[in-house]
>>> print(open('structure-v3.cif').read())   # mmCIF, C-alpha atoms
data_protein
loop_
_atom_site.label_atom_id
_atom_site.label_comp_id
_atom_site.auth_asym_id
_atom_site.auth_seq_id
_atom_site.Cartn_x
_atom_site.Cartn_y
_atom_site.Cartn_z
CA MET H 262 15.41 -57.12 -5.81
CA GLY H 263 17.70 -54.19 -5.05
CA GLY H 264 18.28 -50.83 -6.69
CA SER H 265 16.84 -47.38 -6.22
CA PRO H 266 13.12 -46.69 -6.68
CA ARG H 267 12.22 -45.34 -10.12
CA VAL H 268 11.51 -41.61 -10.46
CA VAL H 269 8.48 -40.81 -12.64
CA ILE H 270 8.30 -37.23 -13.97
CA SER H 271 5.10 -35.72 -15.42
CA THR H 272 4.71 -32.28 -16.99
CA GLY H 273 1.68 -30.07 -17.52
CA GLN H 274 0.07 -31.25 -14.29
CA THR H 275 -2.37 -29.78 -11.79
CA LEU H 276 -1.43 -29.37 -8.14
CA PRO H 277 -1.11 -32.39 -5.87
CA ASP H 278 -4.08 -32.95 -3.57
CA MET H 279 -2.57 -31.80 -0.29
CA ASP H 280 -3.89 -29.53 2.47
CA TRP H 281 -1.87 -27.35 4.83
CA SER H 282 -1.44 -30.08 7.43
CA GLY H 283 -0.23 -32.36 4.66
CA GLU H 284 2.33 -29.74 3.62
CA LEU H 285 3.64 -29.47 7.16
CA ALA H 286 4.13 -33.23 7.31
CA ALA H 287 5.24 -34.04 3.76
CA LEU H 288 6.93 -30.84 2.51
CA THR H 289 8.55 -29.98 5.81
CA ASP H 290 11.45 -27.83 4.62
CA SER H 291 9.83 -26.25 1.56
CA SER H 292 8.77 -22.62 1.42
CA PRO H 293 5.03 -22.04 1.98
CA TYR H 294 5.02 -20.10 -1.31
CA LEU H 295 5.72 -23.36 -3.17
CA GLY H 296 3.07 -25.53 -1.54
CA PRO H 297 -0.41 -26.43 -2.84
CA THR H 298 -2.19 -24.17 -0.32
CA TRP H 299 -0.50 -20.99 -1.54
CA LEU H 300 -0.52 -22.05 -5.18
CA ARG H 301 -4.22 -23.01 -5.19
CA ALA H 302 -5.01 -19.52 -3.94
CA THR H 303 -2.69 -18.06 -6.61
CA GLU H 304 -4.62 -19.88 -9.31
CA LYS H 305 -7.87 -18.37 -8.08
CA VAL H 306 -6.61 -14.79 -8.00
CA LEU H 307 -4.60 -15.12 -11.25
CA PRO H 308 -7.06 -16.89 -13.57
CA GLU H 309 -5.00 -15.72 -16.57
CA ALA H 310 -2.13 -17.95 -15.38
CA GLN H 311 -2.69 -21.47 -16.71
CA PRO H 312 -1.32 -24.13 -14.30
CA TRP H 313 1.43 -26.24 -15.91
CA HIS H 314 3.26 -27.93 -13.06
CA THR H 315 6.00 -30.54 -13.24
CA VAL H 316 5.67 -33.33 -10.68
CA ALA H 317 8.09 -36.14 -9.86
CA HIS H 318 7.07 -39.20 -7.85
CA ARG H 319 9.23 -41.91 -6.36
CA ALA H 320 8.00 -44.81 -4.27
CA ARG H 321 5.12 -44.26 -1.86
CA GLY H 322 4.45 -40.65 -0.87
CA GLU H 323 7.71 -39.27 -2.26
CA LEU H 324 7.03 -36.08 -4.21
CA ALA H 325 8.82 -33.19 -5.92
CA LEU H 326 6.90 -30.24 -7.37
CA LEU H 327 8.23 -27.50 -9.65
CA PRO H 328 5.33 -25.03 -10.11
CA GLY H 329 4.77 -23.46 -13.50
CA TYR H 330 2.21 -21.17 -15.16
CA ILE H 331 1.62 -20.48 -18.84
CA LEU H 332 0.96 -16.82 -19.65
CA THR H 333 -0.46 -16.23 -23.13
CA THR H 334 -0.46 -12.42 -23.06
CA PRO H 335 1.88 -9.84 -21.47
CA PRO H 336 1.35 -9.80 -17.68
CA VAL H 337 2.56 -7.42 -14.96
CA VAL H 338 6.24 -6.56 -15.17
CA ASP H 339 7.47 -8.99 -12.51
CA HIS H 340 5.99 -11.88 -14.53
CA GLU H 341 6.93 -10.47 -17.94
CA PRO H 342 9.97 -12.21 -19.48
CA ARG H 343 11.02 -9.16 -21.51
CA THR H 344 11.55 -7.21 -18.29
CA TYR H 345 14.47 -9.51 -17.49
CA LEU H 346 16.05 -8.59 -20.81
CA GLY H 347 16.07 -4.89 -19.98
CA TRP H 348 12.70 -3.99 -21.51
CA GLN H 349 10.92 -1.04 -19.91
CA ALA H 350 7.15 -1.38 -19.67
CA PRO H 351 5.18 1.58 -21.09
CA SER H 352 3.50 1.93 -17.68
CA GLY H 353 6.88 2.79 -16.14
CA GLN H 354 6.59 0.01 -13.58
CA GLU H 355 9.83 -1.74 -12.70
CA VAL H 356 10.73 -5.27 -11.72
CA CYS H 357 11.15 -5.62 -7.95
CA CYS H 358 13.94 -3.43 -6.47
CA GLY H 359 14.63 -1.62 -9.74
CA ALA H 360 17.67 -1.18 -12.00
CA GLU H 361 18.97 1.34 -14.49
CA THR H 362 17.20 0.82 -17.83
CA ASP H 363 19.01 1.23 -21.17
CA ALA H 364 16.57 2.88 -23.57
CA ALA H 365 18.29 1.50 -26.66
CA ARG H 366 18.23 -2.06 -25.37
CA SER H 367 14.60 -1.70 -24.31
CA ALA H 368 13.76 -0.52 -27.83
CA GLU H 369 15.55 -3.52 -29.35
CA VAL H 370 13.54 -5.93 -27.23
CA ASP H 371 10.34 -4.03 -27.89
CA ALA H 372 10.93 -4.18 -31.66
CA LEU H 373 10.63 -7.98 -31.53
CA GLY H 374 7.05 -7.72 -30.35
CA THR H 375 5.44 -10.40 -28.19
CA GLU H 376 5.53 -13.37 -30.58
CA PRO H 377 9.03 -14.65 -29.61
CA PHE H 378 8.05 -14.62 -25.92
CA PHE H 379 4.43 -15.71 -25.62
CA PRO H 380 3.09 -18.05 -24.55
CA THR H 381 5.57 -17.90 -21.67
CA LEU H 382 6.05 -20.60 -19.06
CA LEU H 383 6.87 -18.86 -15.78
CA LEU H 384 8.41 -21.32 -13.34
CA GLY H 385 7.90 -20.92 -9.62
CA SER H 386 5.42 -19.04 -7.46
CA PRO H 387 4.36 -15.82 -9.24
CA LEU H 388 3.14 -14.07 -6.09
CA GLY H 389 5.73 -15.71 -3.83
CA TYR H 390 8.75 -14.50 -5.87
CA ARG H 391 10.48 -17.88 -5.67
CA THR H 392 11.49 -20.37 -8.36
CA GLU H 393 12.32 -23.55 -6.55
CA MET H 394 11.11 -27.10 -6.06
CA ALA H 395 9.08 -28.33 -3.12
CA TYR H 396 10.19 -31.89 -2.42
CA ASN H 397 10.52 -34.60 0.19
CA PHE H 398 13.06 -36.81 -1.55
CA TRP H 399 16.34 -36.14 -3.28
CA THR H 400 18.64 -37.65 -5.87
CA PRO H 401 21.74 -35.97 -7.35
CA THR H 402 20.09 -35.89 -10.78
CA LEU H 403 16.57 -34.92 -9.71
CA MET H 404 16.55 -31.25 -10.75
CA GLY H 405 18.44 -31.89 -13.96
CA SER H 406 16.07 -34.71 -14.90
CA ILE H 407 13.06 -32.49 -14.29
CA VAL H 408 14.43 -29.72 -16.52
CA GLU H 409 15.37 -32.24 -19.23
CA LYS H 410 11.77 -33.47 -19.26
CA LEU H 411 10.16 -30.06 -18.84
CA VAL H 412 11.89 -28.12 -21.64
CA PRO H 413 10.91 -30.23 -24.68
CA ALA H 414 7.43 -30.84 -23.28
CA ALA H 415 6.84 -27.10 -22.83
CA PHE H 416 8.05 -26.26 -26.33
CA GLU H 417 5.89 -29.05 -27.76
CA ALA H 418 2.92 -27.49 -25.93
CA GLY H 419 3.53 -24.20 -27.78
CA VAL H 420 5.55 -22.32 -25.17
CA ARG H 421 7.96 -19.81 -26.74
CA CYS H 422 9.84 -18.74 -23.62
CA ILE H 423 10.64 -20.45 -20.32
CA VAL H 424 11.60 -18.07 -17.54
CA ALA H 425 12.70 -19.02 -14.03
CA PRO H 426 12.90 -15.52 -12.52
CA TRP H 427 13.83 -16.11 -8.87
CA ILE H 428 16.12 -19.07 -8.14
CA PRO H 429 17.58 -18.55 -4.64
CA GLU H 430 21.10 -19.67 -3.85
CA ARG H 431 20.09 -22.48 -1.54
CA ARG H 432 21.71 -25.89 -1.40
CA GLY H 433 20.84 -27.91 -4.50
CA ASN H 434 19.40 -25.05 -6.53
CA GLU H 435 22.60 -24.62 -8.53
CA ALA H 436 21.48 -27.80 -10.32
CA LEU H 437 18.43 -25.92 -11.63
CA VAL H 438 20.57 -23.13 -13.03
CA LYS H 439 23.05 -25.55 -14.59
CA ALA H 440 20.24 -27.59 -16.15
CA PHE H 441 18.72 -24.55 -17.87
CA ASP H 442 22.14 -23.47 -19.11
CA ALA H 443 22.79 -26.99 -20.43
CA ALA H 444 19.44 -26.89 -22.27
CA GLY H 445 20.54 -23.77 -24.17
CA GLY H 446 19.35 -21.09 -21.77
CA GLN H 447 21.13 -18.21 -20.09
CA SER H 448 21.33 -17.20 -16.45
CA ALA H 449 22.09 -13.89 -14.74
CA PHE H 450 22.10 -12.21 -11.35
CA TRP H 451 18.71 -10.91 -10.20
CA GLY H 452 19.28 -9.68 -6.68
CA TYR H 453 19.30 -10.78 -3.06
CA GLU H 454 16.85 -12.16 -0.59
CA ASP H 455 17.69 -11.88 3.08
CA PHE H 456 17.35 -14.24 6.02
CA MET H 457 18.34 -14.33 9.66
CA SER H 458 19.64 -17.46 11.39
CA LEU H 459 18.53 -17.55 15.01
CA ASP H 460 21.76 -18.87 16.48
CA ALA H 461 21.65 -17.20 19.88
CA PRO H 462 19.90 -18.77 22.88
CA ASP H 463 17.34 -15.92 23.02
CA TRP H 464 16.58 -12.39 21.82
CA GLN H 465 18.83 -10.70 24.35
CA GLY H 466 21.66 -13.05 23.39
CA HIS H 467 20.99 -12.24 19.75
CA LEU H 468 21.32 -8.51 20.40
CA ALA H 469 24.45 -8.99 22.49
CA ALA H 470 26.11 -10.99 19.69
CA LEU H 471 25.59 -8.27 17.08
CA PRO H 472 28.23 -5.64 16.35
CA LEU H 473 27.67 -2.45 18.30
CA LYS H 474 26.41 -0.38 15.35
CA LYS H 475 23.82 -2.97 14.35
CA ARG H 476 22.66 -3.32 17.93
CA GLN H 477 22.31 0.45 18.24
CA ARG H 478 20.31 0.62 14.99
CA ILE H 479 17.80 -1.97 16.21
CA LYS H 480 17.32 -0.19 19.54
CA GLY H 481 17.04 3.13 17.72
CA ASP H 482 14.33 1.73 15.43
CA VAL H 483 12.18 0.81 18.39
CA ARG H 484 12.73 4.20 20.06
CA ARG H 485 11.75 6.07 16.87
CA ALA H 486 8.60 3.99 16.47
CA GLU H 487 7.62 4.72 20.06
CA ALA H 488 8.40 8.41 19.61
CA ALA H 489 6.17 8.45 16.54
CA GLY H 490 3.28 7.36 18.72
CA VAL H 491 2.85 3.98 17.03
CA THR H 492 1.83 1.00 19.12
CA ILE H 493 2.15 -2.56 17.84
CA GLN H 494 -0.10 -5.52 18.53
CA ARG H 495 -0.22 -9.03 17.06
CA VAL H 496 -3.26 -11.02 15.96
CA ASP H 497 -3.18 -14.60 14.67
CA GLY H 498 -5.19 -16.90 12.42
CA THR H 499 -8.89 -16.15 12.18
CA GLY H 500 -8.34 -13.01 14.25
CA ILE H 501 -6.80 -11.44 11.14
CA ARG H 502 -10.02 -11.59 9.09
CA PRO H 503 -11.31 -8.11 10.04
CA TYR H 504 -8.02 -6.56 8.88
CA VAL H 505 -7.48 -8.38 5.58
CA THR H 506 -8.75 -5.55 3.35
CA ARG H 507 -6.71 -2.89 5.16
CA ILE H 508 -3.61 -5.11 5.04
CA ALA H 509 -4.01 -5.44 1.27
CA GLU H 510 -4.57 -1.70 0.86
CA LEU H 511 -1.47 -0.71 2.83
CA THR H 512 0.70 -3.36 1.14
CA CYS H 513 -0.28 -2.14 -2.31
CA LEU H 514 0.43 1.46 -1.33
CA ASN H 515 3.88 0.33 -0.28
CA ARG H 516 4.52 -1.47 -3.57
CA GLU H 517 3.38 1.55 -5.57
CA LYS H 518 5.80 3.70 -3.58
CA ASN H 519 8.62 1.39 -4.67
CA GLY H 520 7.67 1.52 -8.38
CA ALA H 521 6.01 -1.90 -8.47
CA GLY H 522 2.41 -3.02 -8.57
CA GLU H 523 0.15 -5.63 -7.06
CA GLU H 524 -3.61 -5.92 -6.92
CA PRO H 525 -5.30 -5.80 -3.49
CA GLU H 526 -7.50 -8.75 -4.45
CA HIS H 527 -4.39 -10.91 -4.87
CA ILE H 528 -3.43 -10.34 -1.26
CA VAL H 529 -7.00 -10.63 0.03
CA GLY H 530 -7.48 -13.93 -1.83
CA ILE H 531 -4.25 -15.59 -0.75
CA LEU H 532 -4.32 -14.36 2.84
CA SER H 533 -7.96 -15.44 3.22
CA ALA H 534 -7.14 -18.88 1.80
CA LEU H 535 -4.26 -19.33 4.25
CA ILE H 536 -6.56 -18.43 7.13
CA ASP H 537 -9.25 -20.80 5.86
CA GLU H 538 -6.72 -23.64 5.63
CA GLY H 539 -5.60 -23.13 9.21
CA ALA H 540 -2.09 -21.98 8.29
CA ASP H 541 -0.05 -20.37 11.07
CA VAL H 542 -0.47 -16.77 9.92
CA ARG H 543 0.31 -13.79 12.16
CA ALA H 544 -0.36 -10.09 11.58
CA TYR H 545 1.54 -7.32 13.33
CA LEU H 546 -0.61 -4.19 13.41
CA GLY H 547 0.70 -0.68 14.01
CA TYR H 548 -1.74 1.92 15.35
CA LYS H 549 -1.41 5.67 15.60
CA ASP H 550 -4.19 7.73 17.20
CA GLY H 551 -6.51 4.75 16.89
CA ALA H 552 -5.94 4.30 13.14
CA LEU H 553 -4.30 1.23 11.59
CA VAL H 554 -1.33 2.73 9.75
CA ALA H 555 1.15 -0.16 9.42
CA THR H 556 0.89 -3.91 8.96
CA CYS H 557 3.17 -6.90 8.54
CA VAL H 558 1.92 -10.43 7.86
CA THR H 559 4.11 -13.45 8.56
CA ILE H 560 3.66 -17.17 7.95
CA ARG H 561 5.20 -19.79 10.20
CA LYS H 562 6.00 -23.14 8.64
CA ASN H 563 7.58 -25.58 11.04
CA HIS H 564 10.93 -24.11 12.20
CA ARG H 565 10.94 -21.06 9.89
CA LEU H 566 9.08 -17.74 9.88
CA PHE H 567 8.34 -15.93 6.60
CA PRO H 568 7.46 -12.21 6.77
CA LYS H 569 5.54 -11.64 3.54
CA TRP H 570 3.33 -8.56 3.26
CA ALA H 571 4.25 -5.21 4.77
CA GLY H 572 2.40 -1.96 4.26
CA PHE H 573 2.51 1.56 5.65
CA ASP H 574 0.56 4.80 5.56
CA TYR H 575 3.60 7.01 5.06
CA ALA H 576 1.43 10.12 4.82
CA THR H 577 0.57 9.56 8.48
CA ILE H 578 3.74 8.09 9.96
CA GLY H 579 6.37 9.77 7.79
CA GLU H 580 9.24 8.30 5.79
CA ARG H 581 11.71 7.67 8.61
CA SER H 582 9.64 6.83 11.64
CA GLY H 583 11.41 3.52 12.31
CA ILE H 584 8.09 1.69 12.25
CA TYR H 585 9.13 -0.49 9.29
CA PHE H 586 12.03 -1.98 11.23
CA ALA H 587 10.14 -2.28 14.50
CA LEU H 588 7.22 -4.00 12.80
CA VAL H 589 8.95 -6.15 10.14
CA LEU H 590 12.36 -6.99 11.60
CA ASP H 591 12.20 -6.52 15.37
CA ALA H 592 8.81 -7.92 16.43
CA PRO H 593 8.87 -11.10 14.28
CA VAL H 594 12.44 -11.95 15.28
CA ARG H 595 11.62 -11.51 18.98
CA ASP H 596 8.66 -13.88 18.63
CA ALA H 597 10.65 -16.37 16.57
CA TYR H 598 13.26 -16.56 19.33
CA ALA H 599 10.54 -16.97 21.96
CA GLU H 600 9.12 -19.93 20.00
CA GLY H 601 12.45 -21.61 19.39
CA LEU H 602 12.44 -21.17 15.61
CA ARG H 603 15.62 -21.49 13.55
CA THR H 604 15.33 -18.97 10.74
CA VAL H 605 13.42 -15.86 9.69
CA GLU H 606 13.15 -15.64 5.89
CA PHE H 607 12.65 -11.98 4.99
CA GLY H 608 12.75 -12.36 1.21
CA ALA H 609 13.73 -9.62 -1.24
CA GLY H 610 13.50 -5.86 -0.84
CA ALA H 611 15.25 -3.31 1.41
CA HIS H 612 18.42 -5.38 1.22
CA ARG H 613 20.82 -2.80 2.66
CA ALA H 614 18.50 -1.97 5.55
CA LYS H 615 18.21 -5.65 6.45
CA ALA H 616 21.95 -6.27 6.17
CA LEU H 617 22.63 -3.36 8.49
CA ARG H 618 20.46 -5.08 11.11
CA GLY H 619 22.06 -8.50 11.06
CA CYS H 620 20.49 -10.31 8.08
CA THR H 621 22.46 -12.53 5.72
CA PRO H 622 21.93 -12.15 1.95
CA ARG H 623 21.31 -15.00 -0.43
CA ALA H 624 21.88 -14.36 -4.15
CA VAL H 625 18.98 -14.93 -6.54
CA THR H 626 19.41 -15.93 -10.20
CA THR H 627 17.17 -15.56 -13.26
CA SER H 628 17.30 -18.21 -16.00
CA MET H 629 15.63 -17.91 -19.40
CA LEU H 630 15.31 -20.16 -22.43
CA LEU H 631 13.68 -19.21 -25.77
CA SER H 632 12.29 -21.79 -28.15
CA ASP H 633 13.80 -19.92 -31.13
CA PRO H 634 17.50 -20.88 -31.26
CA VAL H 635 18.26 -17.94 -33.58
CA LEU H 636 17.21 -15.45 -30.89
CA ARG H 637 19.02 -17.15 -28.03
CA PRO H 638 22.38 -15.37 -28.45
CA ARG H 639 20.72 -11.94 -28.46
CA ALA H 640 18.56 -12.83 -25.48
CA ALA H 641 21.63 -14.13 -23.64
CA ALA H 642 23.45 -10.83 -24.19
CA TRP H 643 20.43 -8.82 -23.05
CA LEU H 644 19.92 -10.96 -19.94
CA GLU H 645 23.61 -10.67 -19.07
CA ALA H 646 23.41 -6.87 -19.42
CA PHE H 647 20.31 -6.83 -17.24
CA GLY H 648 22.19 -8.83 -14.63
CA ARG H 649 25.03 -6.30 -14.70
CA SER H 650 22.59 -3.44 -14.23
CA ARG H 651 21.05 -5.27 -11.28
CA ARG H 652 24.49 -5.75 -9.74
CA ALA H 653 25.14 -2.04 -10.20
CA ALA H 654 21.87 -1.28 -8.41
CA PHE H 655 23.10 -3.34 -5.47
CA GLY H 656 26.59 -1.85 -5.59
CA ASP H 657 28.35 -4.98 -6.83
CA ALA H 658 31.29 -4.22 -9.10
CA ALA H 659 31.97 -7.93 -9.59
CA PRO H 660 30.32 -11.25 -8.68
CA ALA H 661 29.52 -11.07 -5.00
CA PRO H 662 31.01 -13.29 -2.30
CA ALA H 663 28.88 -15.93 -0.61
CA ARG H 664 27.90 -13.57 2.20
CA PRO H 665 27.87 -9.98 0.92
CA VAL H 666 26.93 -7.29 3.39
CA ASN H 667 26.34 -3.56 3.51
CA LEU H 668 25.44 -3.21 -0.18
CA PRO H 669 23.53 -0.08 -1.22
CA LEU H 670 19.97 -0.36 -2.46
CA LEU H 671 18.05 2.10 -4.59
CA GLY H 672 15.98 4.29 -2.34
CA ASN H 673 16.51 5.32 1.28
CA SER H 674 16.88 3.04 4.27
CA ALA H 675 13.26 3.50 5.25
CA ASP H 676 12.07 1.71 2.12
CA SER H 677 10.37 -1.54 2.90
CA GLY H 678 11.05 -3.12 -0.48
CA CYS H 679 8.49 -4.44 -2.86
CA CYS H 680 8.24 -8.20 -2.88
CA GLY H 681 9.30 -9.55 0.49
#
>>> encode(input="structure-v3.cif", output="structure tokens")
Amino acid sequence: MGGSPRVVISTGQTLPDMDWSGELAALTDSSPYLGPTWLRATEKVLPEAQPWHTVAHRARGELALLPGYILTTPPVVDHEPRTYLGWQAPSGQEVCCGAETDAARSAEVDALGTEPFFPTLLLGSPLGYRTEMAYNFWTPTLMGSIVEKLVPAAFEAGVRCIVAPWIPERRGNEALVKAFDAAGGQSAFWGYEDFMSLDAPDWQGHLAALPLKKRQRIKGDVRRAEAAGVTIQRVDGTGIRPYVTRIAELTCLNREKNGAGEEPEHIVGILSALIDEGADVRAYLGYKDGALVATCVTIRKNHRLFPKWAGFDYATIGERSGIYFALVLDAPVRDAYAEGLRTVEFGAGAHRAKALRGCTPRAVTTSMLLSDPVLRPRAAAWLEAFGRSRRAAFGDAAPAPARPVNLPLLGNSADSGCCG
């Protein structure tokens, strides 16, 4: 008999039973933040997030996973659906990278209370800042079919709000956005994540291919770091264990500096789990006068490198030492070229600084769908206004082209961002 294999979609599931080596083989091109190794660790450090994953199977070994977590009470701002409607948390914390907040709109959202929004189903990787599917098979209708199955099942389970905060503009993901819009949701601009394609034959060829100003900036970063008396070394895998606590401490200091928040135990738990699983984790360590004052942790998955956690003791190294760029952009890219990798995925944060050093931006979209159809028009207007304020924060007067560059970011160029 002919025909295509049948796709079976199940909602409200636990994670597939797959270790890191299984991810490398079966989920080759998926982000490490979307795989079972990262997500299992997330579920340990975020016990308040109830796993509610959507899994599609087709034939033998073919798998697609859209992670999801039910939050029954208001969480931190990055996971709080009202934040994406322009609501300002009483703590003053902001969603990653910030935006101008309208006090009147925040008050309108606040007046509704929590009942229209909770329980919330947050789709994606809460601590990986990515709403996307991990999959090893594809059909033109796959993402749409998953959303069509997910939405009614979530509402039947008591979910009041479905939020997909961070959908990156990668091939195929427009189907996710369109599916949520078709289901009655609304979508808006969130920001940019940045990546670097390693198209040159080597590091020196990469530098030579850059425009003069970008090349001078990169060389200047390294000179400033050296002048600041900071030396950089790299440790890998189990060699990172002695530094895990300090890495978490410095990363959280960095996030606080940028108006966001993360708990050190989140980073300790996930980083330790990656090490335990044998993931290809590297830590770049910056020392000044014998003290560990700067760190950057990266994860290699097959042909891509993902810088994830960066932290700095700015009281010691100063605001404009150049160490951020030397540690986060320069050293990982050099190593990625040496290993023949194809892409460095820097994620969100410090967008302008990354663009000025040769990175390419990728737009990120937020989609939201409320169970209450009466509230949907108001929520759509609020989300659209939030998107406009985010565009203003990035300097976009209108919808951005496919490859925007040189856009301003709140804060100075030494900022290391908050979620990438």
>>> resolve_selection(input="structure-v3.cif", expression="the PyMOL selection byres ((chain H and resi 608) around 7)", output="PyMOL selection string")
chain H and resi 454-456+606-607+609-610+681
>>> resolve_selection(input="structure-v3.cif", expression="the PyMOL selection byres ((chain H and resi 628-645) around 6)", output="MDAnalysis selection string")
chainID H and resid 346 421:425 446:449 627 646:648
>>> closest_atom_pairs(input="structure-v3.cif", of="stretch 559-677 of chain H", to="stretch 498-503 of chain H", cutoff="12 Å", atoms="all atoms listed in the file", output="CSV")
residue,atom,partner,partner_atom,distance
H:Thr559,CA,H:Gly498,CA,10.6
H:Ile560,CA,H:Gly498,CA,9.9
H:Arg561,CA,H:Gly498,CA,11.0
>>> residues_around(input="structure-v3.cif", residues="H:Trp313", least_positions_apart="5", cutoff="8 Å", atoms="only C-alpha atoms", output="list of chain:residue names")
H:Thr272, H:Gly273, H:Gln274, H:Thr275, H:Pro328, H:Gly329, H:Tyr330, H:Ile331, H:Leu382
>>> atom_distance(input="structure-v3.cif", atom1="atom CA of H:Arg301", atom2="atom CA of H:Leu388")
11.6 Å
>>> atom_distance(input="structure-v3.cif", atom1="atom CA of H:Pro525", atom2="atom CA of H:Pro297")
21.2 Å
>>> closest_residue(input="structure-v3.cif", among="H:Leu553, H:Leu307, H:Val483, H:Leu535", to="H:Tyr294", atoms="only C-alpha atoms")
H:Leu535
>>> closest_residue(input="structure-v3.cif", among="H:Phe450, H:Trp281, H:Tyr545, H:Trp464", to="H:Gln494", atoms="all atoms listed in the file")
H:Tyr545
>>> resolve_selection(input="structure-v3.cif", expression="the PyMOL selection byres ((chain H and resi 386) around 12)", output="count of residues only")
43
>>> closest_residue(input="structure-v3.cif", among="H:Ser582, H:Thr626, H:Ser650, H:Thr375", to="H:Gly481", atoms="all atoms listed in the file")
H:Ser582
>>> atom_distance(input="structure-v3.cif", atom1="atom CA of H:Arg485", atom2="atom CA of H:Asp591")
12.7 Å
>>> closest_residue(input="structure-v3.cif", among="H:Arg595, H:Lys569, H:Arg495, H:Arg431", to="H:Pro622", atoms="only C-alpha atoms")
H:Arg431
>>> closest_residue(input="structure-v3.cif", among="H:Gln311, H:Thr556, H:Ser271, H:Thr621", to="H:Asp574", atoms="all atoms listed in the file")
H:Thr556
>>> axis_aligned_box(input="structure-v3.cif", around="stretch 314-319 of chain H", padding_each_side="8 Å", output="AutoDock Vina command-line options")
--center_x 6.2 --center_y -34.9 --center_z -9.8 --size_x 22.0 --size_y 30.0 --size_z 22.9
>>> residues_around(input="structure-v3.cif", residues="H:His564", least_positions_apart="3", cutoff="7 Å", atoms="all atoms listed in the file", output="CSV table (one decimal) with C-alpha atoms, keeping the file's coordinate frame")
chain,number,residue,atom,x,y,z
H,602,LEU,CA,12.4,-21.2,15.6
H,603,ARG,CA,15.6,-21.5,13.6
H,604,THR,CA,15.3,-19.0,10.7
>>> closest_residue(input="structure-v3.cif", among="H:Ile578, H:Ala624, H:Ile493, H:Ala534", to="H:Pro593", atoms="all atoms listed in the file")
H:Ile493
>>> residues_around(input="structure-v3.cif", residues="H:Tyr548", least_positions_apart="6", cutoff="6 Å", atoms="all atoms listed in the file", output="JSON list (two decimals) with C-alpha atoms, in the frame of the given file")
[["chain", "number", "residue", "atom", "x", "y", "z"],
["H", 491, "VAL", "CA", 2.85, 3.98, 17.03],
["H", 492, "THR", "CA", 1.83, 1.00, 19.12],
["H", 554, "VAL", "CA", -1.33, 2.73, 9.75]]
>>> residues_around(input="structure-v3.cif", residues="H:Ser406", least_positions_apart="5", cutoff="9 Å", atoms="all atoms listed in the file", output="list in words")
Ile270, Leu411 and Ala440 of chain H
>>> write_last_selection(input="structure-v3.cif", atoms="C-alpha atoms", output="mmCIF file, in the coordinates of the input")
data_model
loop_
_atom_site.group_PDB
_atom_site.id
_atom_site.type_symbol
_atom_site.label_atom_id
_atom_site.label_comp_id
_atom_site.auth_asym_id
_atom_site.auth_seq_id
_atom_site.Cartn_x
_atom_site.Cartn_y
_atom_site.Cartn_z
ATOM 1 C CA ILE H 270 8.300 -37.230 -13.970
ATOM 2 C CA LEU H 411 10.160 -30.060 -18.840
ATOM 3 C CA ALA H 440 20.240 -27.590 -16.150
#
>>> residues_around(input="structure-v3.cif", residues="H:Pro472", least_positions_apart="3", cutoff="10 Å", atoms="only C-alpha atoms", output="mmCIF file with C-alpha atoms, in the frame of the given file")
data_model
loop_
_atom_site.group_PDB
_atom_site.id
_atom_site.type_symbol
_atom_site.label_atom_id
_atom_site.label_comp_id
_atom_site.auth_asym_id
_atom_site.auth_seq_id
_atom_site.Cartn_x
_atom_site.Cartn_y
_atom_site.Cartn_z
ATOM 1 C CA LEU H 468 21.320 -8.510 20.400
ATOM 2 C CA ALA H 469 24.450 -8.990 22.490
ATOM 3 C CA LYS H 475 23.820 -2.970 14.350
ATOM 4 C CA ARG H 476 22.660 -3.320 17.930
ATOM 5 C CA GLN H 477 22.310 0.450 18.240
ATOM 6 C CA LEU H 617 22.630 -3.360 8.490
ATOM 7 C CA ARG H 618 20.460 -5.080 11.110
ATOM 8 C CA GLY H 619 22.060 -8.500 11.060
#
>>> decode(input="structure-v3.cif", residues="stretch 304-310 of chain H", atoms="N, CA and C atoms", output="short mmCIF file (atom, residue, chain, number, x, y, z; two decimals), in the first residue's frame")
data_model
loop_
_atom_site.label_atom_id
_atom_site.label_comp_id
_atom_site.auth_asym_id
_atom_site.auth_seq_id
_atom_site.Cartn_x
_atom_site.Cartn_y
_atom_site.Cartn_z
N GLU H 304 12.74 21.21 34.31
CA GLU H 304 11.63 20.74 35.14
C GLU H 304 12.06 20.48 36.58
N LYS H 305 13.34 20.21 36.78
CA LYS H 305 13.84 20.05 38.15
C LYS H 305 14.00 21.39 38.85
N VAL H 306 14.49 22.39 38.13
CA VAL H 306 14.77 23.68 38.77
C VAL H 306 13.54 24.59 38.78
N LEU H 307 12.52 24.26 37.98
CA LEU H 307 11.26 25.02 37.96
C LEU H 307 10.11 24.07 38.32
N PRO H 308 10.06 23.58 39.54
CA PRO H 308 9.00 22.62 39.89
C PRO H 308 7.60 23.21 39.79
N GLU H 309 7.49 24.55 39.79
CA GLU H 309 6.18 25.19 39.67
C GLU H 309 5.65 25.13 38.24
N ALA H 310 6.50 24.77 37.29
CA ALA H 310 6.09 24.67 35.88
C ALA H 310 5.68 23.23 35.58
#
